[in-house]
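target.csv (CSV, C-alpha atoms) appears below.
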chain,number,residue,atom,x,y,z
A,41,MET,CA,147.9,117.4,46.2
A,42,ASN,CA,145.7,116.2,49.1
A,43,ARG,CA,144.9,112.7,50.2
A,44,GLU,CA,141.7,112.6,48.3
A,45,GLU,CA,143.3,113.6,45.1
A,46,PHE,CA,146.1,111.2,45.6
A,47,SER,CA,143.7,108.3,46.1
A,48,ARG,CA,141.8,109.3,43.0
A,49,LEU,CA,145.2,109.4,41.1
A,50,GLN,CA,145.9,105.9,42.3
A,51,GLU,CA,142.6,104.7,41.2
A,52,LEU,CA,142.9,106.3,37.7
A,53,PHE,CA,146.4,104.9,37.3
A,54,GLN,CA,145.1,101.4,37.9
A,55,ARG,CA,142.2,101.8,35.6
A,56,ALA,CA,144.5,103.3,32.9
A,57,LEU,CA,146.7,100.2,33.2
A,58,ASP,CA,143.6,98.0,32.6
A,59,GLN,CA,143.0,99.7,29.3
A,60,SER,CA,144.5,98.5,26.1
A,61,ARG,CA,147.5,100.5,24.9
A,62,GLU,CA,145.4,102.1,22.2
A,63,GLY,CA,142.5,102.9,24.5
A,64,ARG,CA,144.6,104.5,27.2
A,65,GLU,CA,144.9,108.0,25.7
A,66,SER,CA,141.2,108.4,25.2
A,67,PHE,CA,140.6,107.0,28.7
A,68,ILE,CA,142.9,109.7,30.2
A,69,ARG,CA,141.2,112.4,28.2
A,70,LYS,CA,137.8,111.2,29.3
A,71,VAL,CA,138.5,111.0,33.0
A,72,CYS,CA,140.6,114.1,33.3
A,73,GLN,CA,138.2,116.3,31.4
A,74,GLY,CA,140.4,119.3,31.0
A,75,ASP,CA,142.1,119.0,34.4
A,76,GLU,CA,145.6,119.5,33.1
A,77,GLU,CA,147.3,118.9,36.4
A,78,LEU,CA,145.7,115.6,36.9
A,79,ARG,CA,146.4,114.6,33.4
A,80,SER,CA,150.1,115.4,33.7
A,81,GLU,CA,150.3,113.6,37.0
A,82,LEU,CA,148.7,110.5,35.5
A,83,GLU,CA,150.7,110.6,32.3
A,84,SER,CA,154.1,111.0,34.0
A,85,LEU,CA,153.3,108.1,36.4
A,86,LEU,CA,152.2,105.9,33.5
A,87,PHE,CA,155.4,106.9,31.6
A,88,ALA,CA,157.5,105.9,34.6
A,89,HIS,CA,155.7,102.6,34.8
A,90,ASP,CA,156.0,101.8,31.1
A,91,ARG,CA,159.8,102.5,31.1
A,92,GLU,CA,160.1,100.0,33.9
A,93,SER,CA,158.0,97.3,32.2
A,94,GLU,CA,159.9,97.7,29.0
A,95,LEU,CA,163.1,97.3,30.8
A,96,GLU,CA,162.0,94.1,32.5
A,97,GLU,CA,160.9,92.6,29.2
A,98,THR,CA,164.2,93.4,27.4
A,99,VAL,CA,166.4,92.2,30.2
A,100,THR,CA,165.1,88.8,30.9
A,101,LEU,CA,166.4,87.5,27.6
A,102,SER,CA,169.7,89.3,27.4
A,103,ALA,CA,170.5,88.5,31.0
A,104,GLN,CA,170.8,84.8,30.2
A,105,ILE,CA,174.4,85.4,29.5
A,106,GLY,CA,176.9,86.7,32.0
A,107,TYR,CA,176.1,84.6,35.0
A,108,LEU,CA,178.9,83.3,37.1
A,109,LYS,CA,179.7,79.9,38.4
A,110,PRO,CA,181.1,78.8,41.7
A,111,GLY,CA,184.9,79.1,41.8
A,112,GLU,CA,185.1,81.9,39.2
A,113,LEU,CA,187.1,84.9,40.0
A,114,VAL,CA,185.7,88.4,39.4
A,115,GLY,CA,188.4,90.9,40.3
A,116,PRO,CA,189.3,90.0,43.9
A,117,TYR,CA,186.1,88.1,44.5
A,118,ARG,CA,185.7,84.4,44.3
A,119,ILE,CA,182.2,83.2,43.6
A,120,GLU,CA,180.8,80.7,46.1
A,121,GLU,CA,177.2,80.4,45.2
A,122,GLU,CA,174.4,82.3,43.6
A,123,ILE,CA,171.8,83.6,46.0
A,124,GLY,CA,169.5,85.6,43.8
A,125,ARG,CA,168.9,86.5,40.2
A,126,GLY,CA,166.8,89.1,38.4
A,127,GLY,CA,166.5,91.1,35.3
A,128,MET,CA,169.5,93.3,36.0
A,129,GLY,CA,171.9,90.8,37.2
A,130,ALA,CA,172.5,88.4,40.0
A,131,VAL,CA,173.7,88.3,43.6
A,132,TYR,CA,176.3,85.9,44.7
A,133,LEU,CA,177.8,84.8,47.9
A,134,ALA,CA,181.5,85.4,47.4
A,135,GLU,CA,184.8,85.6,49.1
A,136,ASP,CA,186.8,88.8,49.1
A,137,THR,CA,190.3,87.2,48.6
A,138,ARG,CA,192.1,90.4,49.8
A,139,LEU,CA,190.4,90.6,53.1
A,140,GLN,CA,189.3,87.0,53.5
A,141,ARG,CA,185.7,88.0,54.3
A,142,THR,CA,182.5,86.8,52.9
A,143,VAL,CA,180.5,89.3,50.9
A,144,ALA,CA,177.3,89.4,48.9
A,145,LEU,CA,178.3,90.4,45.4
A,146,LYS,CA,175.8,92.0,43.1
A,147,VAL,CA,176.9,91.7,39.5
A,148,LEU,CA,175.3,93.5,36.6
A,149,ALA,CA,174.3,91.3,33.7
A,150,GLU,CA,176.5,91.7,30.6
A,151,ALA,CA,173.8,93.4,28.6
A,152,PHE,CA,173.8,96.2,31.1
A,153,VAL,CA,177.5,96.8,31.3
A,154,VAL,CA,177.6,98.3,27.8
A,155,ASP,CA,174.7,100.6,28.6
A,156,PRO,CA,175.9,103.8,30.3
A,157,LYS,CA,172.4,104.6,31.5
A,158,GLN,CA,172.1,101.2,33.2
A,159,GLN,CA,175.6,101.6,34.7
A,160,LYS,CA,174.4,104.9,36.2
A,161,ARG,CA,171.3,103.4,37.6
A,162,PHE,CA,173.3,100.6,39.1
A,163,ARG,CA,175.7,102.9,40.7
A,164,ARG,CA,173.0,105.1,42.0
A,165,GLU,CA,171.3,102.1,43.7
A,166,ALA,CA,174.5,101.1,45.3
A,167,GLN,CA,175.1,104.7,46.4
A,168,ALA,CA,171.6,105.0,47.9
A,169,ALA,CA,172.1,101.7,49.8
A,170,ALA,CA,175.6,102.8,50.9
A,171,ALA,CA,174.3,106.0,52.4
A,172,LEU,CA,171.3,104.6,54.2
A,173,SER,CA,171.9,103.3,57.6
A,174,HIS,CA,169.4,100.8,59.0
A,175,PRO,CA,169.8,97.3,60.5
A,176,GLY,CA,167.4,96.0,57.8
A,177,ILE,CA,169.4,97.5,54.9
A,178,THR,CA,172.6,95.9,53.7
A,179,THR,CA,175.8,97.9,53.9
A,180,ILE,CA,177.7,98.6,50.7
A,181,TYR,CA,181.4,98.3,51.2
A,182,ALA,CA,182.5,99.1,47.8
A,183,LEU,CA,181.5,99.7,44.2
A,184,GLU,CA,184.0,98.4,41.8
A,185,GLU,CA,184.3,98.0,38.2
A,186,VAL,CA,186.2,95.1,36.9
A,187,GLU,CA,186.3,93.4,33.6
A,188,ALA,CA,183.1,91.5,34.1
A,189,GLY,CA,181.1,94.6,34.8
A,190,SER,CA,180.0,96.7,37.8
A,191,ILE,CA,180.2,95.1,41.2
A,192,SER,CA,178.8,96.0,44.5
A,193,PRO,CA,179.8,93.8,47.4
A,194,ALA,CA,177.7,94.1,50.5
A,195,ASN,CA,178.2,92.6,53.8
A,196,MET,CA,176.6,89.2,54.0
A,197,CYS,CA,173.6,88.7,56.0
A,198,VAL,CA,172.7,85.1,55.9
A,199,GLY,CA,169.0,84.3,55.5
A,200,ARG,CA,166.2,83.9,53.0
A,201,ARG,CA,164.9,87.4,53.7
A,202,PHE,CA,168.1,89.0,52.7
A,203,ALA,CA,168.3,87.1,49.4
A,204,ARG,CA,164.7,88.0,48.8
A,205,TRP,CA,165.4,91.6,49.4
A,206,TRP,CA,168.0,91.6,46.8
A,207,LYS,CA,165.7,89.8,44.5
A,208,THR,CA,163.1,92.5,45.0
A,209,VAL,CA,165.6,95.1,44.1
A,210,LEU,CA,166.8,93.2,41.1
A,211,CYS,CA,163.4,92.3,39.8
A,212,ARG,CA,161.4,95.4,40.7
B,295,MET,CA,184.1,106.9,37.1
B,296,SER,CA,184.1,106.9,40.9
B,297,SER,CA,184.9,103.6,42.4
B,298,SER,CA,185.1,104.4,46.1
B,299,ALA,CA,182.6,105.0,48.8
B,300,SER,CA,183.9,108.6,49.2
B,301,GLY,CA,182.4,109.6,45.9
B,302,ILE,CA,178.8,109.0,47.2
B,303,ASP,CA,176.3,111.5,46.1
B,304,ARG,CA,174.3,112.2,49.3
B,305,SER,CA,171.5,113.9,47.4
B,306,ILE,CA,170.2,110.6,46.1
B,307,PRO,CA,169.0,109.0,49.4
B,308,LEU,CA,167.6,112.5,50.3
B,309,ALA,CA,165.5,112.3,47.1
B,310,LEU,CA,164.4,108.9,48.1
B,311,GLU,CA,163.6,110.0,51.6
B,312,ALA,CA,161.7,113.0,50.4
B,313,ALA,CA,159.7,110.9,48.1
B,314,LEU,CA,158.9,108.4,50.8
B,315,GLU,CA,158.0,111.2,53.2
B,316,GLN,CA,155.6,112.7,50.7
B,317,LEU,CA,154.1,109.3,50.1
B,318,ALA,CA,153.6,108.8,53.9
B,319,GLN,CA,151.7,112.0,54.1
B,320,LEU,CA,149.5,111.4,51.1
B,321,ASP,CA,148.9,107.7,51.8
B,322,PRO,CA,150.2,106.2,55.1
B,323,GLU,CA,149.1,102.7,54.0
B,324,GLN,CA,151.0,103.0,50.7
B,325,SER,CA,154.1,104.0,52.5
B,326,LYS,CA,153.8,101.2,55.0
B,327,LEU,CA,153.6,98.8,52.0
B,328,VAL,CA,156.7,100.2,50.5
B,329,GLU,CA,158.5,99.9,53.8
B,330,LEU,CA,157.6,96.3,54.2
B,331,ARG,CA,158.2,95.3,50.6
B,332,PHE,CA,161.2,97.3,49.7
B,333,PHE,CA,163.1,97.7,53.0
B,334,GLY,CA,161.7,94.7,54.8
B,335,GLY,CA,162.1,92.4,51.8
B,336,LEU,CA,158.7,90.8,52.4
B,337,THR,CA,157.0,89.0,49.6
B,338,VAL,CA,153.6,90.1,48.2
B,339,GLU,CA,151.9,87.4,50.2
B,340,GLU,CA,153.7,88.3,53.4
B,341,VAL,CA,152.8,92.0,53.0
B,342,ALA,CA,149.2,91.0,52.4
B,343,GLU,CA,149.1,89.0,55.6
B,344,VAL,CA,150.7,91.7,57.7
B,345,MET,CA,148.5,94.4,56.3
B,346,GLY,CA,145.3,92.3,56.2
B,347,ILE,CA,144.7,93.0,52.5
B,348,PHE,CA,144.5,90.7,49.4
B,349,PRO,CA,147.7,89.9,47.6
B,350,ALA,CA,146.2,91.3,44.4
B,351,THR,CA,145.7,94.6,46.2
B,352,VAL,CA,149.3,94.6,47.4
B,353,LYS,CA,150.4,93.9,43.8
B,354,ARG,CA,148.4,96.8,42.4
B,355,ARG,CA,149.6,99.3,45.1
B,356,TRP,CA,153.2,98.1,44.7
B,357,THR,CA,153.0,98.8,41.0
B,358,PHE,CA,151.8,102.3,41.7
B,359,ALA,CA,154.3,102.9,44.4
B,360,ARG,CA,157.2,101.9,42.1
B,361,ALA,CA,156.0,104.2,39.4
B,362,TRP,CA,155.6,107.0,41.9
B,363,LEU,CA,159.1,106.6,43.5
B,364,ARG,CA,160.7,106.1,40.1
B,365,ARG,CA,159.2,109.3,38.8
B,366,GLU,CA,160.1,111.3,42.0
B,367,MET,CA,163.7,110.0,42.0
B,368,GLU,CA,164.2,110.9,38.3
B,369,VAL,CA,163.1,114.5,38.5

Translate this structure into structure tokens?
Amino acid sequence: MNREEFSRLQELFQRALDQSREGRESFIRKVCQGDEELRSELESLLFAHDRESELEETVTLSAQIGYLKPGELVGPYRIEEEIGRGGMGAVYLAEDTRLQRTVALKVLAEAFVVDPKQQKRFRREAQAAAALSHPGITTIYALEEVEAGSISPANMCVGRRFARWWKTVLCR
Amino acid sequence: MSSSASGIDRSIPLALEAALEQLAQLDPEQSKLVELRFFGGLTVEEVAEVMGIFPATVKRRWTFARAWLRREMEV
């Protein structure tokens, strides 16, 4: 794919999203006009987008349960305060009682804990973050599974921006 | 299930890196947006200001970028 084709793909993707769900298929057929490669590119991107939107819609409701309050213990971590919340779970400022250090704790909402696919996604995200090394990216110290669900403590970087980064990750 | 950092699958960030690299070649603006929004943690409004484009444009491009990255990562 070259830049021109990529830019056209982006444009068609946006226009396809503007269509009603029913009108989308005929829109794709019309604009691709037998260009099977373009059609498959477009369809796979729309599919990826749809899965994400569906996910966000289902989660917002189910995630109401499973949030933690200050003082609560999750494994070795004591919750201090909530710093961000999204569809998949929430991020807390917490104390690692074993090492007496402050960590950012990301906790998967209860609804996700029972879903192996979501567990996998969560672990993958933590693994990706753990392997990347950049001053702007948080360091993952551990990924633990305790009774309350999957947990990924990160080193705490105080600041609005950090909380927002987590929020972006959670809500994306 | 692996619960330690030693069990990290190194191929995942590579997949992300490859996807970002490809995006940078096909559309440098798009890749800058991803960098600011995802790695920099900037809000839609902040990205709009930095890049000198409308917030609505940022939103649309971000939607596309997420679909793109998601698809590339799941292959």

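Each of A:Lys109, A:Arg48, A:His89, A:Arg118 was compared to chain B using only C-alpha atoms, and A:His89 turns out to be the nearest.
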
Distance criterion (all atoms listed in the file): nearest to chain B out of A:Phe67, A:Tyr132, A:Phe53, A:Tyr117: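 Smallest distance to chain B is found for A:Phe53.
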
From A:Lys146, A:Lys160, A:Arg91, A:Arg79, residue lying nearest Glu122 in chain A [only C-alpha atoms]: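 Among the listed residues, A:Lys146 lies closest to Glu122 in chain A.
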
Polymer residues at most 12 Å from Thr351 in chain B, all atoms listed in the file, same-chain spacing of 3 or more positions, as number ranges by chain: A: 50-51, 54; B: 323-324, 327, 338-339, 341-343, 345-348, 354-358

Preceding selection exported with C-alpha atoms as a JSON list (two decimals), in the frame of the given file:
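Saved as selection_37.json:
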[["chain", "number", "residue", "atom", "x", "y", "z"],
["A", 50, "GLN", "CA", 145.90, 105.90, 42.30],
["A", 51, "GLU", "CA", 142.60, 104.70, 41.20],
["A", 54, "GLN", "CA", 145.10, 101.40, 37.90],
["B", 323, "GLU", "CA", 149.10, 102.70, 54.00],
["B", 324, "GLN", "CA", 151.00, 103.00, 50.70],
["B", 327, "LEU", "CA", 153.60, 98.80, 52.00],
["B", 338, "VAL", "CA", 153.60, 90.10, 48.20],
["B", 339, "GLU", "CA", 151.90, 87.40, 50.20],
["B", 341, "VAL", "CA", 152.80, 92.00, 53.00],
["B", 342, "ALA", "CA", 149.20, 91.00, 52.40],
["B", 343, "GLU", "CA", 149.10, 89.00, 55.60],
["B", 345, "MET", "CA", 148.50, 94.40, 56.30],
["B", 346, "GLY", "CA", 145.30, 92.30, 56.20],
["B", 347, "ILE", "CA", 144.70, 93.00, 52.50],
["B", 348, "PHE", "CA", 144.50, 90.70, 49.40],
["B", 354, "ARG", "CA", 148.40, 96.80, 42.40],
["B", 355, "ARG", "CA", 149.60, 99.30, 45.10],
["B", 356, "TRP", "CA", 153.20, 98.10, 44.70],
["B", 357, "THR", "CA", 153.00, 98.80, 41.00],
["B", 358, "PHE", "CA", 151.80, 102.30, 41.70]]

Selection near Leu363 in chain B, 10 Å with only C-alpha atoms, sequence-local residues under 6 positions removed, as a ChimeraX atom specification: /A:85,88 /B:309-314,317,328

Close residues, Glu83 in chain A itself excluded, 12 Å, all atoms listed in the file, min 5 positions apart in chain, as a ChimeraX atom specification: /A:49,52-53,56-57,64-65,67-69,72,76-78,88-90 /B:361-362,365

Interatomic distance, CA of Ala144 in chain A to CA of Lys326 in chain B (Å, one decimal): 27.0 Å

Which residue of A:Val114, A:Val71, A:Leu86, A:Val147 approaches chain B most closely, using only C-alpha atoms: A:Leu86

Selection: 9 Å around Asp321 in chain B, only C-alpha atoms, excl. self and same-chain fewer than 4 positions, as an MDAnalysis selection string: (chainID A and resid 43 46:47) or (chainID B and resid 316:317 325:326)

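With all atoms listed in the file as the atoms that count, the residue of B:Leu320, B:Val344, B:Ala359, B:Glu315 with the shortest distance to chain A is B:Leu320.
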
CA of Leu145 in chain A to CA of Ala130 in chain A, distance in Å rounded to a single decimal: 8.2 Å

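With only C-alpha atoms as the atoms that count, the residue of A:Lys157, A:Glu135, A:Arg61, A:Ser84 with the shortest distance to chain B is A:Ser84.
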
Length of the CA of Leu133 in chain A to CA of Pro116 in chain A vector [Å]: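 Taking CA of Leu133 in chain A and CA of Pro116 in chain A, their separation equals 13.2 Å.
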